[in-house]
Amino acid sequence: MPELPEVETVRIGLQTLLPGKRIVRVDFDWPKGFPNAASDVERFLIGSEITQVERRAKVLLVRLSTDYSLVIHLKMTGQLVFRGQQQFGAGHPSRSLVGPLPDASTRVTIEFSDNSKLYFNDQRKFGWMRLVPTPEVENIDFMKALGPEPLSDDFTPELFRQRLLKRPKSGIKAVLLDQTIIAGVGNIYADESLWGAKIHPLTPVGMLTKTQLRRLYVALRDVLLLSISKGGSTDRNYVDAEGRRGSYLRFANVFRREGQTCPRCGTVIQKLRVAGRGTHICPHCQKVVGP
Ligand SMILES: [Zn+2]
């Protein structure tokens, strides 16, 4: 499942390629993946120009000159591939990122006036591309429920603390993963940031000091930015805007490193189950604290 840094990698790549492109044709073979009225597509998508590519949590927002947006959720296996004078592909790692297109995984093909194309590929067909009037995007149910973006300028240490304290009795890892508290934090980033801040994942939020929360805030933003700079977290066939493979996992300190030693103190890393998720900690650096 693509996480915030992977979706941000897609956004950065498309933002350098798509603005200014005019859409002349759309083909799709899976109506659930493109649930839009034909009349809307004809009126608000065909002929429109892409103005900007934005992101909210794990959702991409392709802004159009008609004041509509293409809202894109990659879900489990979605990927977006641009083919033109330049090439770009990111999202789910599969050979379709670099192979001939369209292929069996191609759900939607968008053609531009300069003959370049954007392919939405999705093997498992859970992803979708919805055409929504731009002012209505924030009122879509799942968008309304999302917490603030951890990398936005107005996401301050104080806001971070206030959001977490909405669930003071819950373990910190469960709260970090709660998308209504903070948007877009996945399992890897929760484990890495808790290790960075030396906090045990089961520590109740209400027992964390202001200093600990400040350290966690810094660690979380650092690990998200590090991952974006590496093109996302996957260790497989992942290609970013410049054709580099995502390599973040090689830099992970605890995630999927059980049995290896903590880079900070040399203690053997353990794997636990917390909030229903595989969880990786250094038992020396991250001591259990709690009632
Ligand atoms: Zn350690």
# chains A, B, ... in the order shown; residues from 1 in each chain; ligands from 1
$ residues_near_ligand --ligand "ligand 1" --cutoff "6 Å" --atoms "only C-alpha atoms and all ligand atoms" --output "list in words"
Cys262, Arg264, Cys265, Thr267, Cys282, His284 and Cys285 of chain A
$ closest_atom_pairs --of "stretch 123-158 of chain A" --to "stretch 67-80 of chain A" --cutoff "7 Å" --atoms "only C-alpha atoms" --output "tab-separated table"
residue	atom	partner	partner_atom	distance
A:Gln123	CA	A:Thr77	CA	6.0
A:Arg124	CA	A:Thr77	CA	6.1
A:Phe126	CA	A:Lys75	CA	5.9
A:Gly127	CA	A:Leu74	CA	4.7
A:Trp128	CA	A:His73	CA	5.5
A:Met129	CA	A:Ile72	CA	4.5
A:Arg130	CA	A:Val71	CA	5.0
A:Leu131	CA	A:Leu70	CA	4.7
A:Val132	CA	A:Ser69	CA	5.4
A:Pro133	CA	A:Tyr68	CA	4.1
A:Thr134	CA	A:Tyr68	CA	4.6
$ write_last_selection --atoms "N, CA and C atoms" --output "PDB file, in the first residue's frame"
ATOM      1  N   GLN A 123      -3.647  -3.325 -10.913  1.00  0.00           N
ATOM      2  CA  GLN A 123      -3.880  -4.766 -11.060  1.00  0.00           C
ATOM      3  C   GLN A 123      -5.108  -5.243 -10.294  1.00  0.00           C
ATOM      4  N   ARG A 124      -5.224  -4.828  -9.037  1.00  0.00           N
ATOM      5  CA  ARG A 124      -6.287  -5.387  -8.198  1.00  0.00           C
ATOM      6  C   ARG A 124      -7.575  -4.588  -8.224  1.00  0.00           C
ATOM      7  N   PHE A 126      -8.771  -1.797  -6.956  1.00  0.00           N
ATOM      8  CA  PHE A 126      -9.388  -1.119  -5.813  1.00  0.00           C
ATOM      9  C   PHE A 126      -9.276   0.402  -5.927  1.00  0.00           C
ATOM     10  N   GLY A 127      -8.369   0.866  -6.759  1.00  0.00           N
ATOM     11  CA  GLY A 127      -8.140   2.302  -6.888  1.00  0.00           C
ATOM     12  C   GLY A 127      -9.228   2.965  -7.721  1.00  0.00           C
ATOM     13  N   TRP A 128      -9.262   4.291  -7.689  1.00  0.00           N
ATOM     14  CA  TRP A 128     -10.258   4.995  -8.494  1.00  0.00           C
ATOM     15  C   TRP A 128      -9.811   6.407  -8.822  1.00  0.00           C
ATOM     16  N   MET A 129     -10.513   6.983  -9.813  1.00  0.00           N
ATOM     17  CA  MET A 129     -10.252   8.320 -10.328  1.00  0.00           C
ATOM     18  C   MET A 129     -11.614   8.999 -10.453  1.00  0.00           C
ATOM     19  N   ARG A 130     -11.889   9.957  -9.602  1.00  0.00           N
ATOM     20  CA  ARG A 130     -13.213  10.597  -9.617  1.00  0.00           C
ATOM     21  C   ARG A 130     -13.113  12.057 -10.022  1.00  0.00           C
ATOM     22  N   LEU A 131     -14.053  12.469 -10.872  1.00  0.00           N
ATOM     23  CA  LEU A 131     -14.130  13.862 -11.313  1.00  0.00           C
ATOM     24  C   LEU A 131     -15.093  14.599 -10.377  1.00  0.00           C
ATOM     25  N   VAL A 132     -14.574  15.592  -9.640  1.00  0.00           N
ATOM     26  CA  VAL A 132     -15.366  16.270  -8.611  1.00  0.00           C
ATOM     27  C   VAL A 132     -15.180  17.780  -8.774  1.00  0.00           C
ATOM     28  N   PRO A 133     -16.260  18.563  -8.618  1.00  0.00           N
ATOM     29  CA  PRO A 133     -16.064  20.025  -8.632  1.00  0.00           C
ATOM     30  C   PRO A 133     -15.071  20.402  -7.527  1.00  0.00           C
ATOM     31  N   THR A 134     -14.081  21.200  -7.857  1.00  0.00           N
ATOM     32  CA  THR A 134     -13.008  21.489  -6.897  1.00  0.00           C
ATOM     33  C   THR A 134     -13.515  21.986  -5.536  1.00  0.00           C
TER      34      THR A 134
END
$ closest_residue --among "A:Thr16, A:Asn253, A:Ser105, A:Thr9" --to "A:Lys230" --atoms "only C-alpha atoms"
A:Thr9
$ select_by_dssp --residues "stretch 10-232 of chain A" --states "strand (DSSP E or B)" --output "NGL selection string"
:A and (22-28 or 49-56 or 59-64 or 68-73 or 78-83 or 87-91 or 106-112 or 117-122 or 128-133 or 171 or 204)
$ residues_around --residues "A:Phe142" --least-positions-apart "3" --cutoff "10 Å" --atoms "only C-alpha atoms" --output "list of chain:residue names"
A:Glu138, A:Asn139, A:Ala145, A:Leu146, A:Gln179, A:Thr180
$ residues_around --residues "A:Leu208" --least-positions-apart "5" --cutoff "12 Å" --atoms "only C-alpha atoms" --output "PyMOL selection string"
chain A and resi 161+164-165+168-172+194+197-203+213-216+288-291
$ write_last_selection --atoms "C-alpha atoms" --output "compact mmCIF listing (two decimals), in the first residue's frame"
# COMPACT_ATOMS: atom_id res chain seq x y z
CA ARG A 161 0.34 17.70 20.82
CA LEU A 164 -2.60 13.40 19.97
CA LEU A 165 -4.20 14.44 23.27
CA PRO A 168 -4.85 10.52 25.97
CA LYS A 169 -5.36 6.97 27.22
CA SER A 170 -4.46 5.19 23.96
CA GLY A 171 -1.01 3.91 23.13
CA ILE A 172 1.01 6.39 21.09
CA LEU A 194 9.05 6.26 17.81
CA ALA A 197 12.24 9.74 19.80
CA LYS A 198 13.04 6.76 22.10
CA ILE A 199 9.38 6.14 22.95
CA HIS A 200 7.79 2.71 23.47
CA PRO A 201 4.80 2.31 21.10
CA LEU A 202 2.44 1.29 23.92
CA THR A 203 3.07 4.40 26.05
CA LEU A 213 6.29 14.90 22.16
CA ARG A 214 8.55 17.57 20.74
CA ARG A 215 11.18 14.89 19.95
CA LEU A 216 8.52 12.72 18.33
CA VAL A 288 7.78 0.57 28.48
CA VAL A 289 6.33 3.37 30.59
CA GLY A 290 2.77 3.44 31.82
CA PRO A 291 0.27 2.90 34.55
$ residues_around --residues "stretch 257-261 of chain A" --least-positions-apart "4" --cutoff "10 Å" --atoms "only C-alpha atoms" --output "JSON, numbers by chain"
{"A": [249, 252, 253, 265, 266, 267, 268, 269, 270, 271, 272, 279, 280, 281, 282]}
$ closest_residue --among "A:Phe251, A:Phe160, A:Trp195, A:Phe120" --to "A:His92" --atoms "only C-alpha atoms"
A:Phe120
$ atom_distance --atom1 "atom CA of A:Phe88" --atom2 "atom CA of A:Pro5"
16.4 Å
$ residues_around --residues "A:Tyr119" --least-positions-apart "4" --cutoff "12 Å" --atoms "only C-alpha atoms" --output "PyMOL selection string"
chain A and resi 14+26-28+78-84+87-91+96-112+129
$ write_last_selection --atoms "C-alpha atoms" --output "JSON list (two decimals), in the first residue's frame"
[["chain", "number", "residue", "atom", "x", "y", "z"],
["A", 14, "LEU", "CA", 3.43, 14.65, -12.06],
["A", 26, "VAL", "CA", -10.07, 9.46, -22.00],
["A", 27, "ASP", "CA", -10.45, 5.67, -22.21],
["A", 28, "PHE", "CA", -11.29, 3.36, -19.34],
["A", 78, "GLY", "CA", -2.46, 1.69, -8.22],
["A", 79, "GLN", "CA", 0.27, 3.46, -10.14],
["A", 80, "LEU", "CA", 0.46, 6.45, -12.45],
["A", 81, "VAL", "CA", 2.73, 6.38, -15.46],
["A", 82, "PHE", "CA", 3.41, 9.29, -17.79],
["A", 83, "ARG", "CA", 4.71, 8.61, -21.28],
["A", 84, "GLY", "CA", 5.73, 11.40, -23.60],
["A", 87, "GLN", "CA", 8.88, 9.29, -18.80],
["A", 88, "PHE", "CA", 7.72, 8.96, -15.25],
["A", 89, "GLY", "CA", 6.12, 6.23, -13.23],
["A", 90, "ALA", "CA", 5.45, 5.78, -9.53],
["A", 91, "GLY", "CA", 3.09, 4.06, -7.14],
["A", 96, "SER", "CA", 4.14, -1.78, -15.75],
["A", 97, "LEU", "CA", 6.13, 1.23, -14.47],
["A", 98, "VAL", "CA", 8.69, 0.63, -17.17],
["A", 99, "GLY", "CA", 7.07, -1.85, -19.66],
["A", 100, "PRO", "CA", 4.96, -1.19, -22.79],
["A", 101, "LEU", "CA", 1.56, 0.48, -22.11],
["A", 102, "PRO", "CA", -1.36, 0.07, -22.10],
["A", 103, "ASP", "CA", -1.14, -3.42, -20.60],
["A", 104, "ALA", "CA", -3.50, -5.77, -18.75],
["A", 105, "SER", "CA", -3.32, -3.59, -15.60],
["A", 106, "THR", "CA", -4.26, -0.34, -17.39],
["A", 107, "ARG", "CA", -7.65, 0.95, -16.16],
["A", 108, "VAL", "CA", -7.66, 4.55, -17.46],
["A", 109, "THR", "CA", -5.70, 6.23, -20.26],
["A", 110, "ILE", "CA", -5.70, 10.02, -20.52],
["A", 111, "GLU", "CA", -4.37, 11.46, -23.75],
["A", 112, "PHE", "CA", -3.06, 15.01, -24.08],
["A", 129, "MET", "CA", -10.25, 8.32, -10.33]]
$ atom_distance --atom1 "atom CA of A:Lys117" --atom2 "atom CA of A:Pro135"
26.7 Å
$ atom_distance --atom1 "atom CA of A:Pro283" --atom2 "atom CA of A:Gly206"
21.1 Å
$ residues_around --residues "A:Lys21" --least-positions-apart "6" --cutoff "9 Å" --atoms "only C-alpha atoms" --output "list in words"
Ser48, Glu49, Ile50, Thr51, Phe112, Ser113, Asp114 and Ser116 of chain A
$ write_last_selection --atoms "C-alpha atoms" --output "tab-separated table (two decimals), in the first residue's frame"
chain	number	residue	atom	x	y	z
A	48	SER	CA	-9.64	21.03	-19.86
A	49	GLU	CA	-6.09	21.95	-18.97
A	50	ILE	CA	-4.27	20.61	-15.93
A	51	THR	CA	-3.27	23.49	-13.67
A	112	PHE	CA	-3.06	15.01	-24.08
A	113	SER	CA	-3.01	17.36	-27.07
A	114	ASP	CA	0.74	16.79	-27.56
A	116	SER	CA	1.65	12.29	-24.42
$ closest_residue --among "A:Val10, A:Ile182, A:Leu17, A:Ile46" --to "A:Val59" --atoms "only C-alpha atoms"
A:Val10
$ closest_residue --among "A:Ile23, A:Lys210, A:Asp141, A:Gln15" --to "A:Gln162" --atoms "only C-alpha atoms"
A:Lys210
$ closest_residue --among "A:Leu18, A:Val137, A:Leu45, A:Met143" --to "A:Lys58" --atoms "only C-alpha atoms"
A:Met143
